[in-house]
Each structure stands twice: as structure tokens, then as C-alpha cells.
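Enquirer: Supplied in C-alpha cells, the structure appears directly below.
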Amino acid sequence: MSENKIPYKIYLEESEMPKAWYNVRADMKNKPAPLLNPGTLQPMTAQELGAVFCDELVQQELDTENAYIPIPQEILDFYKMYRPSPLVRAYCLEEKLQTPAKIYYKFEGNNTSGSHKLNSAIAQAYYAKNQGLKGVTTETGAGQWGTALSMACAYLGLDCKVYMVKCSYEQKPFRREVMRTYGASVTPSPSMTTEVGRKILEQHPGTTGSLGCAISEAVEAATSTPGYRYVLGSVLNQVLLHQSIIGMESKAAMDKYGIVPDVIIGCAGGGSNLGGLISPFMGEMLRGERNYRFIAVEPASCPSLTRGKFVYDFCDTGMVTPLAKMYTLGSNFIPSASHAGGLRYHGMSPVVSQLYHDGYIEATSVEQTSVFAAAEQFARVEGILPAPESSHAIKVAIDEALKCKETGEEKTILFGLTGTGYFDMYAYEKFNNGDMGDYIPTDEDIMAGLKGIPQFPGNEI
Ligand SMILES: *Cc1c(COP(=O)(O)O)cnc(C)c1O
């Protein structure tokens, strides 16, 4: 090992911390397509979006020009509670794999919510509070986003109503109680409390819900309750903007030690951590300054980038949201109930989708048993018990490191370790008992989902 060994963990000093978010759209030649009003098929105006989202967040959603958006002091103060997050050199994993590759991971699980979602939760709650709102509504699947938002709302004194996908509500009672501990109200979705929930229950009695259903309910609750707006934990441009803090800190930490990654890997559900992690590096690539390989990793059971279509689709099952142009499996696609690894969303961030479409990002899909095997391999040497979602990135980082072992290349790999998996022990139990299977949708399953995509001229699948 060289004399000036890179520290096991790289932390930034307070003075080195990013003071602005980076908006990668400013450097994209092909901007992500605008959200459309599903009634008129015209781009959503700020006024229309303002009925659902906070005003400042609408501005951020529509801003494709400003590369840097200053982070308000109150948010910087909150970030200080758990940031900077460490950039860790995975020496133990490298040793275990006997690879010449250098592996780094940016660990976002060091806060009570256990994931990167808090980075955007505090920003969205802050703008809601600033606008004088009473509260916000949202959906949560596995529970990390709901937990993060509950924490942010508690800190700012905002009311928080969470619609939690019913199967998670039942399988993850402790997540639910963490949210209630932070003062949020948690309703299993679909529920009888909204019109769209009642309709979904009528059409699919006994359904255990999906993120798409919960989004429909949360949007309805926000738009029908004065003083409330809806907030979303992934997919949207504003969320990627807030998550750019992950990439900016990573880049600052790497620059400090003269480290340049060759490959950057992130798991992709709605695309927010991946988009945030790669943003500043992608900016360099888009400006022609440097080249990187970016890899999005998704579950084989919910493969929106690798098997979906790049078209306009609803963001929810109840078809109450605007249309977003993205890689999608269709808004009524629901992954198999046997899928335990998270990342269950049918669509993908329009920014990530556009970059993938334009060839700047590669995508790959992995099966869940290989993901849990990678998670355990990682946990045993690096100590951290990873979230199943994050473990998709671990799996591909290990694969890349093993390729380097074959070729002898000393590549530098950076991946996003988005969170911890303490609330996913049922899934780990299934894996440890050998009861976990791999479910890959058939072409017919995929086709059935794609048929639900709205058809209009220029939007054929
Ligand atoms: C929500 C979540 C993800 C996936 O969401 P993205 O928007 O794709 O980043 C990944 N990892 C963890 C731990 C999460 O909570």
C-alpha cells in the first residue's frame, strides 16, 4: 500500500461543504421533457403545479437553466445534524475480493431515517413551512421516505400525513411506529379515506397496494385539504436537485485526495439517489471535461430502464398526476409480491431517463437472491448492514471489481450506499432460510403493464 494511504473514511470539513445544489439540467443539451396536463396534453404551468406542490418547489421543478441553486441556511443547519456523510474506502471488501480495483462508497444511512431520503425531505418540508402551509401529504412504500419526511416535519412543526403501501404497513410495523413517534399520521393504502382509494379497492378487493396507489391517495388528500400540499420522495426534478448534495460531497472528498472514479454505480428505483450521486460528475461529462461510466442498477422484477418504454405515462395508478416522459412499465404494473428488495416503482426520473436515452448512462438489472448474497458478503467485511435497495449497487460494484481482477485493471469504483437494512430483516430471514426466489416478469407480464400507458399521437408504445 502506498505511503499516503487514503483514509478509511473521508469526511469534509464544515468549510468544504457544498453551499448550493447542482442542477444537472442546466448542462443537458436535451432537457428532460416537461410534465404534461393529462387533460390538455399541454405542459403543466407553474399555476397548475402550484395546486399540488409548494410554490418554491414548482420553480425548482421547472428550472432547466440555473446550474447552482443556493441551499437556504436553515436547510444547511439541518444538514449539519447528519452531514457530511462519509465517503468510505472499502479496503476490507477489496481485500476479501482480492481485486486491484479501488472501491469507494458514499454512505447515506447514518441518520435515523436510515437513508438518503432525508436530504430532500428537509428541503421540501422547509419550503412548505416557508409558504405558511399547515402540512404535507405523501406516500411511502418501504417506509424510508415517510420516516424521513416525518422527521423533517417534526423539526419544523408541520403536520404530516403518510399513505403507506398496505403490505409494508403490515410487514413493517416498526417503520410505521417510527413515523408516528415523529408525529405523522399513517394510513394503510389503498384506504377508504379517499375517493381514489375507494375506487381502487372496489376494482381490486383485497389488494395489498402499490406506490402508485398510495401516490394517488396522497395527491387527493393534499388537493382536497386547505393548507396542504403533496410532496414526493423520488422521481421529480426537484428531488434529484436536492440529492445532488450526495454527489457534490463525494466529488469534493475525492478531489481533496486527487481521486478520480472510472465507474459510478447507483441503485435505481425512482432515480433520485443515482441522479444525485452522478450529477456533478455527469455535469463534467456533459460539458466535455471528463468521461465516466455511469451504471444504473435495477431489480429484474421491476425493470423500468432495461425493459420499459420511454414515453409519457402517469406517475400513479389512479391516474391523478401529470404525465411524465420517462422509462416506464405502465402505471398499473405491480411487481410480484415475492419481490422483497425495494425499488418497486413503475417509472424512472425524467432526468435519468433522458440521460439513459441519450447514452450517458448504462443500465443493468439484477435478481434478488444475488442482491442479498452481495449484501451479506458486504456486511460481513465492511460491517454495515445494507438496505436491500442499496445492495443492488453493491452487487454490481462487486461484479465490476471482479472483472478488474480478471483483467488486472486498477479501476476506481464509486457506488452509492443509500441506507441501512434494519427494517428489512423479514427479507433477510427469507434469504437466510433459502425461501427467497427470483421472479422475472415474462414478456406477457411486461406487455400487460405497457398496455396501460396512455395512447395519444406521438406516444405510441
Ligand atoms: C428509496 C430508496 C432507494 C431508491 O430510491 P431512488 O429514488 O431510486 O434513489 C434506494 N435506497 C434506499 C435506502 C431508499 O430508501
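Residue names in the C-alpha cells use chain letters A, B, ... in the order shown, residue numbers from 1 in each chain, and ligand numbers from 1 in the order shown.
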Please list as a list in words every residue within 9 Å of Gln98 of chain A, counting only C-alpha atoms and excluding residues in the same chain fewer than 5 positions away.
Expert: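 Non-adjacent residues within range: Leu93, Ala401, Leu402 and Lys405 of chain A.
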Enquirer: Please produce a file of the residues just selected, as a CSV table (one decimal), in the first residue's frame, where the atoms kept are C-alpha atoms.
Expert:
```csv
chain,number,residue,atom,x,y,z
A,93,LEU,CA,-14.1,-5.6,0.7
A,401,ALA,CA,-14.3,-5.3,-9.1
A,402,LEU,CA,-14.1,-9.0,-10.0
A,405,LYS,CA,-9.4,-9.0,-11.0
```
Enquirer: Could you list, with a cut-off of 6 Å and counting only C-alpha atoms and all ligand atoms, the residues of chain A near ligand 1, each shown with its nearest atom pair and the distance in Å rounded to one decimal, rows sorted by chain and ascending number, as JSON lines?
Expert:
```
{"residue": "A:Ser115", "atom": "CA", "partner": "ligand 1", "partner_atom_place_in_ligand_line": "13 (C)", "distance": 4.7}
{"residue": "A:Gln144", "atom": "CA", "partner": "ligand 1", "partner_atom_place_in_ligand_line": "15 (O)", "distance": 4.9}
{"residue": "A:Ser234", "atom": "CA", "partner": "ligand 1", "partner_atom_place_in_ligand_line": "7 (O)", "distance": 4.3}
{"residue": "A:Ala268", "atom": "CA", "partner": "ligand 1", "partner_atom_place_in_ligand_line": "8 (O)", "distance": 4.0}
{"residue": "A:Gly269", "atom": "CA", "partner": "ligand 1", "partner_atom_place_in_ligand_line": "8 (O)", "distance": 3.3}
{"residue": "A:Gly270", "atom": "CA", "partner": "ligand 1", "partner_atom_place_in_ligand_line": "8 (O)", "distance": 3.9}
{"residue": "A:Gly271", "atom": "CA", "partner": "ligand 1", "partner_atom_place_in_ligand_line": "8 (O)", "distance": 3.6}
{"residue": "A:Ser272", "atom": "CA", "partner": "ligand 1", "partner_atom_place_in_ligand_line": "7 (O)", "distance": 3.6}
{"residue": "A:Asn273", "atom": "CA", "partner": "ligand 1", "partner_atom_place_in_ligand_line": "9 (O)", "distance": 3.6}
{"residue": "A:Leu274", "atom": "CA", "partner": "ligand 1", "partner_atom_place_in_ligand_line": "9 (O)", "distance": 5.8}
{"residue": "A:Leu343", "atom": "CA", "partner": "ligand 1", "partner_atom_place_in_ligand_line": "4 (C)", "distance": 5.5}
{"residue": "A:Ala387", "atom": "CA", "partner": "ligand 1", "partner_atom_place_in_ligand_line": "13 (C)", "distance": 5.4}
{"residue": "A:Glu389", "atom": "CA", "partner": "ligand 1", "partner_atom_place_in_ligand_line": "11 (N)", "distance": 4.5}
{"residue": "A:Ser390", "atom": "CA", "partner": "ligand 1", "partner_atom_place_in_ligand_line": "11 (N)", "distance": 4.9}
{"residue": "A:Thr418", "atom": "CA", "partner": "ligand 1", "partner_atom_place_in_ligand_line": "13 (C)", "distance": 4.5}
{"residue": "A:Gly419", "atom": "CA", "partner": "ligand 1", "partner_atom_place_in_ligand_line": "13 (C)", "distance": 3.9}
```
Enquirer: Please provide the set of residues having any atom within 7 Å of Lys309 of chain A, restricted to only C-alpha atoms, with same-chain residues fewer than 4 positions apart removed, written as an mmCIF file with N, CA, C and O atoms, in the first residue's frame.
Expert:
```
data_model
loop_
_atom_site.group_PDB
_atom_site.id
_atom_site.type_symbol
_atom_site.label_atom_id
_atom_site.label_comp_id
_atom_site.auth_asym_id
_atom_site.auth_seq_id
_atom_site.Cartn_x
_atom_site.Cartn_y
_atom_site.Cartn_z
ATOM 1 N N TYR A 327 -38.835 6.341 -18.700
ATOM 2 C CA TYR A 327 -38.888 4.896 -18.911
ATOM 3 C C TYR A 327 -39.901 4.342 -17.922
ATOM 4 O O TYR A 327 -39.821 4.612 -16.727
ATOM 5 N N THR A 328 -40.879 3.606 -18.444
ATOM 6 C CA THR A 328 -41.963 3.133 -17.589
ATOM 7 C C THR A 328 -42.414 1.740 -17.993
ATOM 8 O O THR A 328 -42.292 1.345 -19.156
ATOM 9 N N LEU A 329 -42.932 1.029 -17.002
ATOM 10 C CA LEU A 329 -43.524 -0.297 -17.235
ATOM 11 C C LEU A 329 -45.040 -0.189 -17.276
ATOM 12 O O LEU A 329 -45.733 -1.194 -17.367
ATOM 13 N N ILE A 461 -46.596 3.093 -27.933
ATOM 14 C CA ILE A 461 -45.568 2.255 -27.289
ATOM 15 C C ILE A 461 -44.924 1.293 -28.301
ATOM 16 O O ILE A 461 -45.478 0.960 -29.300
#
```
Enquirer: How far is it from atom CA of Lys129 of chain A to atom CA of Gly227 of chain A, in Å with one decimal?
Expert: 10.4 Å
Enquirer: Hey, could you make a per-residue contact list for segment 29-54 of chain A against segment 452-455 of chain A with 12 Å as the cut-off, showing the nearest pair of atoms and its distance in Å to one decimal, counting only C-alpha atoms, sorted by chain and number, as CSV?
Expert:
```
residue,atom,partner,partner_atom,distance
A:Leu36,CA,A:Pro454,CA,12.0
A:Pro38,CA,A:Pro454,CA,9.0
A:Gly39,CA,A:Pro454,CA,11.3
A:Leu41,CA,A:Pro454,CA,10.9
```
Enquirer: Just write the chosen residues, C-alpha atoms, as a PDB file, in the first residue's frame.
Expert:
```
ATOM      1  CA  LEU A  36     -47.972  17.348 -19.270  1.00  0.00           C
ATOM      2  CA  PRO A  38     -53.253  14.731 -18.945  1.00  0.00           C
ATOM      3  CA  GLY A  39     -56.447  16.539 -19.946  1.00  0.00           C
ATOM      4  CA  LEU A  41     -51.635  17.314 -23.154  1.00  0.00           C
TER       5      LEU A  41
END
```
Enquirer: So that I can see what lies close to Thr64 of chain A, please list as a short mmCIF file (atom, residue, chain, number, x, y, z; two decimals) with C-alpha atoms, in the first residue's frame the residues with an atom at most 12 Å from it, counting only C-alpha atoms and leaving out residues fewer than 2 positions away in the same chain.
Expert:
```cif
data_model
loop_
_atom_site.label_atom_id
_atom_site.label_comp_id
_atom_site.auth_asym_id
_atom_site.auth_seq_id
_atom_site.Cartn_x
_atom_site.Cartn_y
_atom_site.Cartn_z
CA TYR A 22 -26.22 21.44 -8.62
CA ASN A 23 -28.94 21.31 -11.26
CA VAL A 24 -27.67 18.93 -13.94
CA ARG A 25 -30.47 20.00 -16.31
CA ALA A 26 -28.58 23.25 -16.88
CA ASP A 27 -25.83 21.30 -18.68
CA MET A 28 -28.10 18.88 -20.56
CA LYS A 29 -28.44 19.60 -24.29
CA ASN A 30 -31.60 17.52 -24.48
CA LYS A 31 -33.59 18.70 -21.48
CA PRO A 32 -35.97 16.27 -19.82
CA ALA A 33 -39.43 16.62 -21.37
CA PRO A 34 -41.89 18.79 -19.42
CA VAL A 58 -42.56 24.34 -8.53
CA GLN A 59 -39.88 26.86 -9.52
CA GLN A 60 -37.18 24.25 -8.92
CA GLU A 61 -39.18 21.65 -10.85
CA LEU A 62 -39.36 23.91 -13.90
CA ASN A 66 -29.69 27.69 -13.35
CA ALA A 67 -26.82 25.32 -12.63
CA TYR A 68 -26.50 26.21 -8.95
CA ILE A 69 -29.35 26.79 -6.52
CA ASN A 237 -36.53 17.01 -10.89
CA GLN A 238 -36.60 18.89 -7.57
CA LEU A 241 -31.67 18.56 -7.32
CA VAL A 351 -33.70 13.36 -15.94
#
```
Enquirer: Which residue is closest to Pro299 of chain A? Choose from A:Ala337, A:Leu450, A:Cys267, A:Leu133 and count only C-alpha atoms.
Expert: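 So, comparing all the options, the nearest one is A:Cys267.
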Enquirer: Would you mind reading off the distance between atom CA of Val165 of chain A and atom CA of Met348 of chain A, one decimal, in Å?
Expert: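 So the two atoms, atom CA of Val165 of chain A and atom CA of Met348 of chain A, lie 18.8 Å apart.
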Enquirer: Which is closer to Pro457 of chain A than all the others in A:Val311, A:Leu240, A:Ala101, A:Leu118, using only C-alpha atoms?
Expert: A:Val311
Enquirer: Which neighbours of Arg290 of chain A fall inside 12 Å, counting only C-alpha atoms, when residues of the same chain fewer than 6 positions from it are skipped, and could you give them as a PyMOL selection string?
Expert: chain A and resi 260-262+280-284
Enquirer: So what do you get for atom CA of Glu14 of chain A versus atom CA of Glu65 of chain A, distance-wise?
Expert: 28.3 Å
